[in-house]
file data-v7.txt (compact mmCIF, C-alpha atoms)
# COMPACT_ATOMS: atom_id res chain seq x y z
CA MET A 297 37.00 0.18 2.95
CA ARG A 298 37.35 3.13 0.59
CA LEU A 299 34.52 4.89 -1.23
CA ALA A 300 35.07 2.85 -4.41
CA GLU A 301 34.68 -0.43 -2.52
CA LEU A 302 31.62 0.84 -0.63
CA SER A 303 30.13 1.71 -4.02
CA ALA A 304 30.99 -1.71 -5.52
CA ARG A 305 29.66 -3.66 -2.55
CA SER A 306 26.45 -1.63 -2.19
CA GLY A 307 25.72 -1.21 -5.89
CA VAL A 308 25.24 2.53 -5.25
CA SER A 309 27.28 4.91 -7.44
CA THR A 310 29.97 7.00 -5.73
CA ALA A 311 28.12 10.16 -6.85
CA THR A 312 24.95 8.98 -5.06
CA ILE A 313 26.94 8.01 -1.94
CA LYS A 314 28.49 11.49 -1.89
CA TYR A 315 25.01 12.97 -2.22
CA TYR A 316 23.75 10.88 0.72
CA LEU A 317 26.78 12.00 2.77
CA ARG A 318 26.09 15.68 1.95
CA GLU A 319 22.41 15.24 2.84
CA GLY A 320 23.29 13.64 6.16
CA LEU A 321 21.65 10.33 5.25
CA LEU A 322 24.95 8.53 5.78
CA HIS A 323 27.39 9.40 8.58
CA PRO A 324 30.86 10.53 7.45
CA GLY A 325 33.62 7.95 7.11
CA ARG A 326 36.73 8.04 9.27
CA ARG A 327 39.13 10.54 7.65
CA VAL A 328 42.45 8.89 6.76
CA THR A 329 43.96 11.60 4.55
CA ALA A 330 42.75 15.07 3.56
CA THR A 331 40.88 13.58 0.59
CA GLN A 332 40.13 10.01 1.65
CA ALA A 333 37.87 8.42 4.22
CA GLU A 334 37.45 4.89 5.45
CA TYR A 335 34.00 3.25 5.58
CA ASP A 336 32.86 0.15 7.46
CA GLU A 337 30.13 -2.50 7.55
CA GLU A 338 27.82 -0.09 9.33
CA HIS A 339 28.00 2.29 6.37
CA LEU A 340 27.13 -0.59 4.07
CA ARG A 341 24.14 -1.55 6.19
CA ARG A 342 22.96 2.05 6.45
CA LEU A 343 23.28 2.49 2.69
CA ARG A 344 21.07 -0.53 2.19
CA LEU A 345 18.41 1.04 4.40
CA VAL A 346 18.68 4.41 2.64
CA ARG A 347 18.14 2.68 -0.71
CA ALA A 348 15.14 0.83 0.68
CA LEU A 349 13.60 4.08 1.86
CA ILE A 350 14.47 6.37 -1.04
CA GLN A 351 14.85 4.21 -4.14
CA VAL A 352 12.23 1.57 -3.41
CA GLY A 353 9.89 3.30 -0.94
CA ARG A 354 10.18 6.63 -2.83
CA ILE A 355 10.28 8.40 0.52
CA PRO A 356 11.36 12.07 0.36
CA VAL A 357 14.92 12.80 1.54
CA ASN A 358 13.65 14.93 4.45
CA SER A 359 11.45 12.12 5.78
CA ALA A 360 14.27 9.60 5.31
CA ARG A 361 16.55 11.86 7.36
CA GLU A 362 13.97 11.93 10.18
CA VAL A 363 13.60 8.14 10.06
CA LEU A 364 17.37 7.70 10.34
CA ALA A 365 17.65 10.26 13.16
CA ALA A 366 15.05 8.30 15.16
CA LEU A 367 17.03 5.08 14.66
CA GLN A 368 20.06 6.68 16.28
CA ASP A 369 18.31 8.41 19.16
CA GLU A 370 20.21 7.16 22.20
CA ASP A 371 17.51 8.45 24.56
CA LEU A 372 15.06 5.85 23.30
CA ASP A 373 14.92 2.10 23.91
CA ARG A 374 14.49 -0.35 21.02
CA ASN A 375 10.71 -0.13 21.05
CA GLY A 376 10.83 3.67 21.23
CA ARG A 377 13.31 3.96 18.37
CA LEU A 378 11.30 1.60 16.22
CA GLY A 379 8.07 3.50 16.92
CA THR A 380 9.64 6.90 16.27
CA ALA A 381 11.27 5.72 13.03
CA VAL A 382 8.03 4.27 11.66
CA TRP A 383 6.20 7.46 12.73
CA ALA A 384 8.61 9.46 10.58
CA LEU A 385 7.61 7.52 7.43
CA PRO A 386 5.13 9.34 5.15
CA HIS A 387 1.52 8.50 6.01
CA GLY A 388 -0.43 10.28 3.26
CA PRO A 389 -2.83 13.17 3.80
CA ALA A 390 -3.84 13.97 7.40
CA PRO A 391 -7.56 13.77 8.24
CA ASP A 392 -9.54 16.71 6.83
CA GLU A 393 -10.94 18.33 9.98
CA THR A 394 -13.41 20.44 7.97
CA ASP A 395 -15.15 17.27 6.74
CA PRO A 396 -17.95 15.97 8.99
CA ALA A 397 -17.04 12.39 7.92
CA THR A 398 -13.74 12.77 9.82
CA GLU A 399 -15.34 12.98 13.25
CA ALA A 400 -17.42 9.85 12.61
CA ALA A 401 -14.35 8.07 11.18
CA ARG A 402 -12.40 8.91 14.33
CA ARG A 403 -15.13 7.35 16.49
CA THR A 404 -15.03 4.21 14.31
CA ALA A 405 -11.22 4.02 14.55
CA ASP A 406 -11.33 4.47 18.34
CA GLU A 407 -13.96 1.78 18.76
CA LEU A 408 -11.94 -0.58 16.57
CA LEU A 409 -8.71 -0.02 18.52
CA THR A 410 -10.54 -0.51 21.81
CA ARG A 411 -12.05 -3.74 20.58
CA LEU A 412 -8.62 -4.96 19.44
CA ASP A 413 -7.00 -3.81 22.68
CA TRP A 414 -4.29 -2.03 20.69
CA ARG A 415 -3.00 0.57 23.09
CA TYR A 416 -0.18 2.01 21.07
CA GLY A 417 -2.23 3.53 18.28
CA ALA A 418 -3.34 6.48 20.38
CA PRO A 419 -4.39 9.58 18.38
CA PRO A 420 -0.88 11.12 17.95
CA ALA A 421 0.37 8.13 15.89
CA PRO A 422 0.41 9.14 12.19
CA ALA A 423 -0.83 5.66 11.24
CA TYR A 424 -3.93 6.49 13.29
CA GLY A 425 -4.43 9.64 11.19
CA MET A 426 -3.93 7.56 8.04
CA LEU A 427 -6.60 5.10 9.22
CA VAL A 428 -9.06 7.92 10.02
CA THR A 429 -8.48 9.49 6.57
CA ALA A 430 -9.08 6.13 4.89
CA ILE A 431 -12.27 5.40 6.86
CA ALA A 432 -13.58 8.91 6.15
CA ALA A 433 -13.02 8.38 2.40
CA LEU A 434 -14.91 5.07 2.49
CA SER A 435 -17.77 6.60 4.42
CA ARG A 436 -18.00 9.74 2.24
CA LEU A 437 -18.33 7.52 -0.82
CA GLY A 438 -20.86 5.25 0.87
CA TYR A 439 -18.72 2.09 0.99
CA PRO A 440 -18.74 -0.32 3.97
CA CYS A 441 -16.57 0.90 6.85
CA ALA A 442 -18.29 -0.07 10.11
CA VAL A 443 -16.22 -1.45 12.98
CA ASP A 444 -17.49 -4.94 12.11
CA ASP A 445 -16.37 -4.48 8.49
CA LEU A 446 -12.89 -3.33 9.51
CA GLU A 447 -12.23 -5.89 12.24
CA PRO A 448 -11.31 -8.84 9.97
CA TYR A 449 -8.74 -6.64 8.21
CA ALA A 450 -7.25 -5.64 11.55
CA ARG A 451 -7.09 -9.28 12.70
CA ALA A 452 -5.23 -10.22 9.51
CA MET A 453 -2.81 -7.34 10.11
CA GLU A 454 -2.17 -8.61 13.64
CA ARG A 455 -0.90 -11.85 12.10
CA ILE A 456 1.13 -9.88 9.54
CA ALA A 457 2.74 -7.80 12.29
CA PHE A 458 3.61 -10.99 14.16
CA THR A 459 5.35 -12.31 11.03
CA ASP A 460 7.05 -8.92 10.54
CA LEU A 461 8.49 -8.98 14.05
CA ASP A 462 9.61 -12.59 13.63
CA LEU A 463 11.65 -11.49 10.60
CA VAL A 464 13.03 -8.56 12.62
CA GLU A 465 14.11 -10.83 15.47
CA ARG A 466 16.32 -12.79 13.10
CA TYR A 467 18.73 -9.87 13.26
CA GLY A 468 21.30 -10.02 16.02
CA THR A 469 21.66 -6.57 17.52
CA PRO A 470 18.98 -4.06 18.55
CA GLU A 471 20.48 -1.59 15.98
CA GLU A 472 20.10 -4.10 13.16
CA GLN A 473 16.62 -4.99 14.38
CA VAL A 474 15.27 -1.44 14.26
CA GLU A 475 16.87 -0.87 10.84
CA ALA A 476 15.34 -4.10 9.53
CA ALA A 477 11.94 -3.23 11.01
CA VAL A 478 11.81 0.06 9.13
CA ALA A 479 13.13 -1.44 5.87
CA LEU A 480 10.75 -4.40 6.01
CA THR A 481 7.77 -2.16 6.79
CA VAL A 482 8.47 -0.25 3.59
CA LEU A 483 9.69 -3.09 1.34
CA TYR A 484 6.88 -5.50 2.22
CA GLU A 485 4.10 -3.01 1.40
CA PRO A 486 4.15 -3.77 -2.36
CA VAL A 487 4.46 -7.50 -1.52
CA LEU A 488 1.26 -7.29 0.52
CA LEU A 489 -0.68 -5.22 -2.00
CA SER A 490 0.31 -7.39 -4.97
CA LEU A 491 -0.49 -10.61 -3.07
CA ARG A 492 -3.87 -9.16 -2.12
CA ARG A 493 -4.71 -8.45 -5.76
CA LEU A 494 -3.62 -11.94 -6.80
CA ALA A 495 -5.63 -13.47 -3.94
CA GLU A 496 -8.66 -11.42 -4.95
CA ALA A 497 -8.38 -12.67 -8.54
CA GLU A 498 -8.16 -16.22 -7.19
CA GLU A 499 -11.14 -15.79 -4.85
CA SER A 500 -13.17 -14.11 -7.60
CA ARG A 501 -12.48 -17.05 -9.89
CA ARG A 502 -13.64 -19.47 -7.18
CA ARG A 503 -16.86 -17.59 -6.48
CA PHE A 504 -17.83 -16.23 -9.87
CA GLY A 505 -16.37 -18.92 -12.08
CA GLY A 506 -14.22 -17.91 -14.97
CA ARG A 507 -12.82 -18.53 -18.34
CA MET B 161 -31.89 14.52 -12.24
CA ARG B 162 -30.18 17.62 -13.64
CA LEU B 163 -26.47 18.39 -13.40
CA ALA B 164 -26.97 20.63 -10.35
CA GLU B 165 -28.69 17.83 -8.43
CA LEU B 166 -26.07 15.26 -9.49
CA SER B 167 -23.45 17.67 -8.14
CA ALA B 168 -25.30 18.22 -4.86
CA ARG B 169 -25.93 14.50 -4.28
CA SER B 170 -22.40 13.40 -5.18
CA GLY B 171 -20.52 16.27 -3.55
CA VAL B 172 -18.61 16.71 -6.82
CA SER B 173 -18.61 20.23 -8.33
CA THR B 174 -20.40 20.74 -11.66
CA ALA B 175 -17.05 21.82 -13.19
CA THR B 176 -15.46 18.52 -12.16
CA ILE B 177 -18.45 16.52 -13.43
CA LYS B 178 -18.16 18.31 -16.79
CA TYR B 179 -14.46 17.47 -16.85
CA TYR B 180 -15.22 13.78 -16.17
CA LEU B 181 -17.83 13.84 -18.97
CA ARG B 182 -15.32 15.39 -21.40
CA GLU B 183 -12.69 12.81 -20.42
CA GLY B 184 -15.12 9.95 -20.95
CA LEU B 185 -15.00 8.88 -17.29
CA LEU B 186 -18.75 9.39 -17.01
CA HIS B 187 -21.18 8.46 -19.76
CA PRO B 188 -23.26 11.33 -21.18
CA GLY B 189 -26.67 12.04 -19.68
CA ARG B 190 -29.87 11.70 -21.68
CA ARG B 191 -30.27 14.93 -23.67
CA VAL B 192 -33.57 16.67 -22.85
CA THR B 193 -32.96 20.07 -24.46
CA ALA B 194 -30.08 21.45 -26.50
CA THR B 195 -28.33 22.57 -23.32
CA GLN B 196 -29.63 20.21 -20.65
CA ALA B 197 -29.22 16.53 -19.91
CA GLU B 198 -30.83 14.19 -17.46
CA TYR B 199 -28.73 11.97 -15.16
CA ASP B 200 -29.74 8.90 -13.16
CA GLU B 201 -28.67 6.72 -10.23
CA GLU B 202 -26.14 4.96 -12.42
CA HIS B 203 -24.35 8.27 -13.01
CA LEU B 204 -24.28 8.86 -9.28
CA ARG B 205 -22.79 5.42 -8.63
CA ARG B 206 -20.23 5.82 -11.40
CA LEU B 207 -19.25 9.23 -10.05
CA ARG B 208 -18.60 7.66 -6.66
CA LEU B 209 -16.28 5.11 -8.26
CA VAL B 210 -14.46 7.78 -10.29
CA ARG B 211 -13.84 9.76 -7.09
CA ALA B 212 -12.56 6.63 -5.35
CA LEU B 213 -10.10 6.01 -8.18
CA ILE B 214 -8.97 9.55 -8.93
CA GLN B 215 -9.40 11.59 -5.77
CA VAL B 216 -8.61 8.94 -3.16
CA GLY B 217 -6.54 6.38 -5.10
CA ARG B 218 -4.72 9.16 -7.05
CA ILE B 219 -4.95 6.98 -10.14
CA PRO B 220 -4.15 8.79 -13.42
CA VAL B 221 -7.13 9.69 -15.62
CA ASN B 222 -5.92 7.37 -18.41
CA SER B 223 -5.74 4.35 -16.09
CA ALA B 224 -9.12 5.23 -14.59
CA ARG B 225 -10.61 5.31 -18.09
CA GLU B 226 -9.21 1.80 -18.78
CA VAL B 227 -10.60 0.51 -15.48
CA LEU B 228 -14.05 1.87 -16.34
CA ALA B 229 -13.91 0.47 -19.88
CA ALA B 230 -13.20 -3.00 -18.48
CA LEU B 231 -16.20 -2.71 -16.14
CA GLN B 232 -18.47 -2.15 -19.12
CA ASP B 233 -17.02 -4.79 -21.43
CA GLU B 234 -20.07 -6.85 -22.41
CA ASP B 235 -17.86 -9.61 -23.82
CA LEU B 236 -16.64 -10.55 -20.35
CA ASP B 237 -18.43 -12.31 -17.50
CA ARG B 238 -18.36 -10.92 -13.97
CA ASN B 239 -15.07 -12.61 -13.09
CA GLY B 240 -13.49 -11.45 -16.33
CA ARG B 241 -14.62 -7.87 -15.92
CA LEU B 242 -13.41 -7.76 -12.34
CA GLY B 243 -10.03 -9.18 -13.31
CA THR B 244 -9.61 -6.85 -16.29
CA ALA B 245 -10.58 -3.81 -14.22
CA VAL B 246 -8.14 -4.62 -11.42
CA TRP B 247 -5.44 -5.30 -14.05
CA ALA B 248 -5.95 -1.77 -15.37
CA LEU B 249 -5.08 -0.26 -11.96
CA PRO B 250 -1.53 1.09 -11.67
CA HIS B 251 0.88 -1.54 -10.35
CA GLY B 252 4.11 0.42 -9.93
CA PRO B 253 7.31 -0.20 -11.90
CA ALA B 254 7.52 -3.39 -14.01
CA PRO B 255 10.32 -5.85 -13.18
CA ASP B 256 13.73 -4.66 -14.36
CA GLU B 257 14.75 -7.37 -16.82
CA THR B 258 18.37 -6.16 -16.90
CA ASP B 259 18.73 -6.97 -13.19
CA PRO B 260 19.83 -10.55 -12.38
CA ALA B 261 17.75 -10.38 -9.17
CA THR B 262 14.61 -10.31 -11.34
CA GLU B 263 15.05 -13.83 -12.70
CA ALA B 264 15.54 -15.26 -9.19
CA ALA B 265 12.56 -13.24 -7.92
CA ARG B 266 10.41 -14.70 -10.69
CA ARG B 267 11.35 -18.25 -9.65
CA THR B 268 10.45 -17.39 -6.03
CA ALA B 269 7.10 -15.91 -7.10
CA ASP B 270 6.31 -18.96 -9.26
CA GLU B 271 7.16 -21.39 -6.47
CA LEU B 272 5.02 -19.39 -4.04
CA LEU B 273 2.00 -19.34 -6.38
CA THR B 274 2.37 -23.07 -7.03
CA ARG B 275 2.50 -23.78 -3.31
CA LEU B 276 -0.60 -21.65 -2.75
CA ASP B 277 -2.35 -23.24 -5.71
CA TRP B 278 -3.27 -19.78 -7.02
CA ARG B 279 -3.86 -20.34 -10.69
CA TYR B 280 -4.99 -16.92 -11.70
CA GLY B 281 -1.75 -15.06 -11.04
CA ALA B 282 -0.05 -16.34 -14.16
CA PRO B 283 2.81 -14.17 -15.50
CA PRO B 284 0.71 -11.74 -17.57
CA ALA B 285 -1.13 -10.39 -14.48
CA PRO B 286 0.34 -6.99 -13.56
CA ALA B 287 0.06 -7.88 -9.85
CA TYR B 288 2.47 -10.73 -10.62
CA GLY B 289 4.94 -8.21 -12.07
CA MET B 290 4.47 -6.02 -8.99
CA LEU B 291 5.23 -9.01 -6.76
CA VAL B 292 8.37 -9.89 -8.77
CA THR B 293 9.59 -6.27 -8.57
CA ALA B 294 9.04 -6.23 -4.81
CA ILE B 295 10.82 -9.56 -4.23
CA ALA B 296 13.75 -8.45 -6.43
CA ALA B 297 14.11 -5.25 -4.36
CA LEU B 298 14.16 -7.25 -1.11
CA SER B 299 16.71 -9.68 -2.50
CA ARG B 300 18.97 -6.97 -3.97
CA LEU B 301 19.10 -5.29 -0.58
CA GLY B 302 19.70 -8.60 1.22
CA TYR B 303 16.42 -8.72 3.16
CA PRO B 304 14.49 -11.97 3.74
CA CYS B 305 12.37 -12.98 0.73
CA ALA B 306 12.44 -16.78 0.45
CA VAL B 307 9.23 -18.64 -0.36
CA ASP B 308 8.95 -19.63 3.31
CA ASP B 309 9.27 -15.98 4.33
CA LEU B 310 6.58 -14.87 1.89
CA GLU B 311 4.06 -17.63 2.50
CA PRO B 312 2.61 -16.29 5.79
CA TYR B 313 1.96 -12.96 4.06
CA ALA B 314 0.19 -14.71 1.21
CA ARG B 315 -1.94 -16.75 3.64
CA ALA B 316 -3.01 -13.56 5.41
CA MET B 317 -3.89 -12.03 2.04
CA GLU B 318 -6.04 -15.07 1.22
CA ARG B 319 -8.13 -14.25 4.27
CA ILE B 320 -8.22 -10.56 3.29
CA ALA B 321 -9.41 -11.44 -0.22
CA PHE B 322 -12.14 -13.63 1.27
CA THR B 323 -13.30 -10.65 3.37
CA ASP B 324 -13.04 -8.37 0.30
CA LEU B 325 -15.27 -10.63 -1.75
CA ASP B 326 -17.76 -10.93 1.13
CA LEU B 327 -18.09 -7.14 1.08
CA VAL B 328 -18.50 -7.24 -2.71
CA GLU B 329 -21.26 -9.84 -2.51
CA ARG B 330 -23.34 -7.49 -0.38
CA TYR B 331 -24.07 -5.60 -3.57
CA GLY B 332 -27.11 -6.73 -5.50
CA THR B 333 -26.26 -6.72 -9.21
CA PRO B 334 -23.13 -7.97 -11.01
CA GLU B 335 -22.52 -4.38 -12.23
CA GLU B 336 -22.55 -3.02 -8.68
CA GLN B 337 -20.37 -5.91 -7.54
CA VAL B 338 -17.57 -5.29 -10.02
CA GLU B 339 -17.69 -1.54 -9.32
CA ALA B 340 -17.52 -2.19 -5.58
CA ALA B 341 -14.67 -4.70 -6.03
CA VAL B 342 -12.52 -2.13 -7.81
CA ALA B 343 -13.39 0.69 -5.40
CA LEU B 344 -12.79 -1.48 -2.32
CA THR B 345 -9.47 -2.76 -3.70
CA VAL B 346 -8.27 0.83 -3.94
CA LEU B 347 -9.95 2.33 -0.86
CA TYR B 348 -8.94 -0.46 1.52
CA GLU B 349 -5.23 -0.25 0.65
CA PRO B 350 -4.53 2.64 3.07
CA VAL B 351 -6.75 0.89 5.66
CA LEU B 352 -4.55 -2.20 5.45
CA LEU B 353 -1.24 -0.33 5.48
CA SER B 354 -2.21 1.88 8.43
CA LEU B 355 -3.56 -1.08 10.41
CA ARG B 356 -0.31 -2.96 9.73
CA ARG B 357 1.75 -0.11 11.12
CA LEU B 358 -0.47 0.13 14.20
CA ALA B 359 -0.31 -3.65 14.67
CA GLU B 360 3.48 -3.54 14.33
CA ALA B 361 3.70 -0.85 17.00
CA GLU B 362 1.51 -3.01 19.23
CA GLU B 363 3.53 -6.17 18.62
CA SER B 364 6.82 -4.28 19.13
CA ARG B 365 5.53 -2.99 22.48
CA ARG B 366 4.61 -6.54 23.50
CA ARG B 367 7.99 -8.00 22.54
CA PHE B 368 10.40 -5.21 23.30
CA GLY B 369 8.53 -3.58 26.18
CA GLY B 370 8.37 0.15 26.29
CA ARG B 371 6.75 3.11 27.80
call {"tool": "encode", "arguments": {"input": "data-v7.txt", "output": "structure tokens"}}
result
Amino acid sequence: MRLAELSARSGVSTATIKYYLREGLLHPGRRVTATQAEYDEEHLRRLRLVRALIQVGRIPVNSAREVLAALQDEDLDRNGRLGTAVWALPHGPAPDETDPATEAARRTADELLTRLDWRYGAPPAPAYGMLVTAIAALSRLGYPCAVDDLEPYARAMERIAFTDLDLVERYGTPEEQVEAAVALTVLYEPVLLSLRRLAEAEESRRRFGGR
Amino acid sequence: MRLAELSARSGVSTATIKYYLREGLLHPGRRVTATQAEYDEEHLRRLRLVRALIQVGRIPVNSAREVLAALQDEDLDRNGRLGTAVWALPHGPAPDETDPATEAARRTADELLTRLDWRYGAPPAPAYGMLVTAIAALSRLGYPCAVDDLEPYARAMERIAFTDLDLVERYGTPEEQVEAAVALTVLYEPVLLSLRRLAEAEESRRRFGGR
């Protein structure tokens, strides 16, 4: 298809598609004349992912480019590509190593991961850093953040991850699966956080009564 | 205690405390001389919450002020204050009413809430708007977002909310409980999101093998 059709089918303006092409977020189409290129279903799918990352997830262009590079890394298997792509997503501020709460938070995180028998969250994973930062903030402010406090949250997230991967496995090819995994990780975050707030309101009503 | 001690015990600089006082995020101390005021444990607790909202949650000062106002609204019971305070938290972009995907997303959200028998998430709740926006984004990009897809996430969030409220009930007074509920809602969000990413990595390793 030509640029105009790619724009119509994706709902992304031609100007934005050209910007994504210039920024390397979308691979070039197949040149057919000096001024025209041909695009295919893979471009359409990739454009969908780019919109998920940039327009919905508000992920910076540089990070999005890293995510997409990981998805295409031929040296990695499906699990490796998925891990590398999710690692390239923004993870908020890294742990503050000058803060004494960080060291204690790291011990809590390690004990939690050991108890869960999660072996993939070893220290280099940015999500591990994000967890340590979050535990340190809780502890600095004096809110509950012991391993026993955190464990029920982790168990719930195990079930969520199982559901996430079930959605991913609906896609046919390994390429589509890793793309879907990254998109669903980002797009389901506001689903989870809004459902949590609604569930809290519901549980508060049950416990504390209400109007 | 004097300002210097409040600063030392909270870890918040006197300049920042003065800024919070000026912005109405912290109620004034009891004047003892023309230039000095006396602060108490309630100031310390409030300061902790303000830091959770502003420094960790990166919530704008105006929204934080609304959250704090709701916490102190004597016309509301505990459930009402909690709900109003959480409603005042930022919830991301409101649903785009010009987008046809929004209407379909609203029907999906309504059917989900009916199935869950959550009665508190009625349309005016901002978390409901956040959910509709998130479902519309999924649907516009062609990712799974049927009621059956969303239900397992909602069930997991029911368990999370139960755990949240258990943490809240550890606090002695209704005032402390609503403060803790708001702080924990905000501070546990990065805990949940990082644990989900770690759990996904773990589940991906189990299903797709890997190094």
call {"tool": "interface_residues", "arguments": {"input": "data-v7.txt", "of": "chain A", "to": "chain B", "cutoff": "7 Å", "atoms": "only C-alpha atoms", "output": "ChimeraX atom specification"}}
result
/A:344,374-376,379,414-417,423-424,426-427,430,434,437,449-450,452-454,456-458,483,486-488,490-501,504-506
call {"tool": "closest_residue", "arguments": {"input": "data-v7.txt", "among": "B:Val210, B:Ala296, B:Ala168, B:Ala269", "to": "Pro255 in chain B", "atoms": "only C-alpha atoms"}}
result
B:Ala296
call {"tool": "atom_distance", "arguments": {"input": "data-v7.txt", "atom1": "CA of Leu181 in chain B", "atom2": "CA of Pro396 in chain A"}}
result
28.0 Å
call {"tool": "axis_aligned_box", "arguments": {"input": "data-v7.txt", "around": "range 213-217 of chain B", "padding_each_side": "8 Å", "output": "AutoDock Vina command-line options"}}
result
--center_x -8.3 --center_y 8.8 --center_z -6.0 --size_x 19.6 --size_y 21.6 --size_z 21.8
call {"tool": "atom_distance", "arguments": {"input": "data-v7.txt", "atom1": "CA of Ala365 in chain A", "atom2": "CA of Gln332 in chain A"}}
result
25.3 Å
call {"tool": "atom_distance", "arguments": {"input": "data-v7.txt", "atom1": "CA of Leu321 in chain A", "atom2": "CA of Arg361 in chain A"}}
result
5.7 Å
call {"tool": "closest_residue", "arguments": {"input": "data-v7.txt", "among": "A:Thr469, A:Ala442, A:Leu364, A:Glu393", "to": "Ile350 in chain A", "atoms": "all atoms listed in the file"}}
result
A:Leu364
call {"tool": "closest_residue", "arguments": {"input": "data-v7.txt", "among": "B:Arg190, B:His203, B:Arg267, B:Arg241", "to": "Arg169 in chain B", "atoms": "all atoms listed in the file"}}
result
B:His203
call {"tool": "residues_around", "arguments": {"input": "data-v7.txt", "residues": "Tyr199 in chain B", "least_positions_apart": "4", "cutoff": "10 Å", "atoms": "all atoms listed in the file", "output": "number ranges by chain"}}
result
B: 161-163, 165-166, 187-191, 203-204
call {"tool": "decode", "arguments": {"input": "data-v7.txt", "residues": "range 337-350 of chain B", "atoms": "N, CA and C atoms", "output": "short mmCIF file (atom, residue, chain, number, x, y, z; two decimals), in the first residue's frame"}}
result
data_model
loop_
_atom_site.label_atom_id
_atom_site.label_comp_id
_atom_site.auth_asym_id
_atom_site.auth_seq_id
_atom_site.Cartn_x
_atom_site.Cartn_y
_atom_site.Cartn_z
N GLN B 337 -6.26 6.45 59.02
CA GLN B 337 -6.64 5.47 58.00
C GLN B 337 -6.84 6.11 56.63
N VAL B 338 -7.55 7.24 56.59
CA VAL B 338 -7.76 7.84 55.26
C VAL B 338 -6.45 8.39 54.71
N GLU B 339 -5.61 8.95 55.58
CA GLU B 339 -4.30 9.41 55.11
C GLU B 339 -3.49 8.26 54.54
N ALA B 340 -3.47 7.14 55.29
CA ALA B 340 -2.70 5.98 54.84
C ALA B 340 -3.26 5.43 53.53
N ALA B 341 -4.60 5.44 53.40
CA ALA B 341 -5.21 4.89 52.18
C ALA B 341 -4.75 5.67 50.95
N VAL B 342 -4.73 6.99 51.07
CA VAL B 342 -4.31 7.81 49.93
C VAL B 342 -2.82 7.59 49.65
N ALA B 343 -2.00 7.63 50.71
CA ALA B 343 -0.55 7.46 50.52
C ALA B 343 -0.25 6.09 49.92
N LEU B 344 -0.91 5.05 50.43
CA LEU B 344 -0.61 3.70 49.95
C LEU B 344 -1.11 3.49 48.51
N THR B 345 -2.22 4.13 48.17
CA THR B 345 -2.69 4.06 46.78
C THR B 345 -1.60 4.56 45.84
N VAL B 346 -1.02 5.70 46.20
CA VAL B 346 0.01 6.31 45.35
C VAL B 346 1.33 5.55 45.43
N LEU B 347 1.78 5.24 46.64
CA LEU B 347 3.12 4.67 46.81
C LEU B 347 3.22 3.23 46.34
N TYR B 348 2.09 2.50 46.36
CA TYR B 348 2.14 1.11 45.90
C TYR B 348 1.98 0.96 44.38
N GLU B 349 1.65 2.06 43.68
CA GLU B 349 1.53 1.91 42.22
C GLU B 349 2.84 1.45 41.56
N PRO B 350 3.98 2.11 41.86
CA PRO B 350 5.22 1.59 41.24
C PRO B 350 5.60 0.20 41.75
#
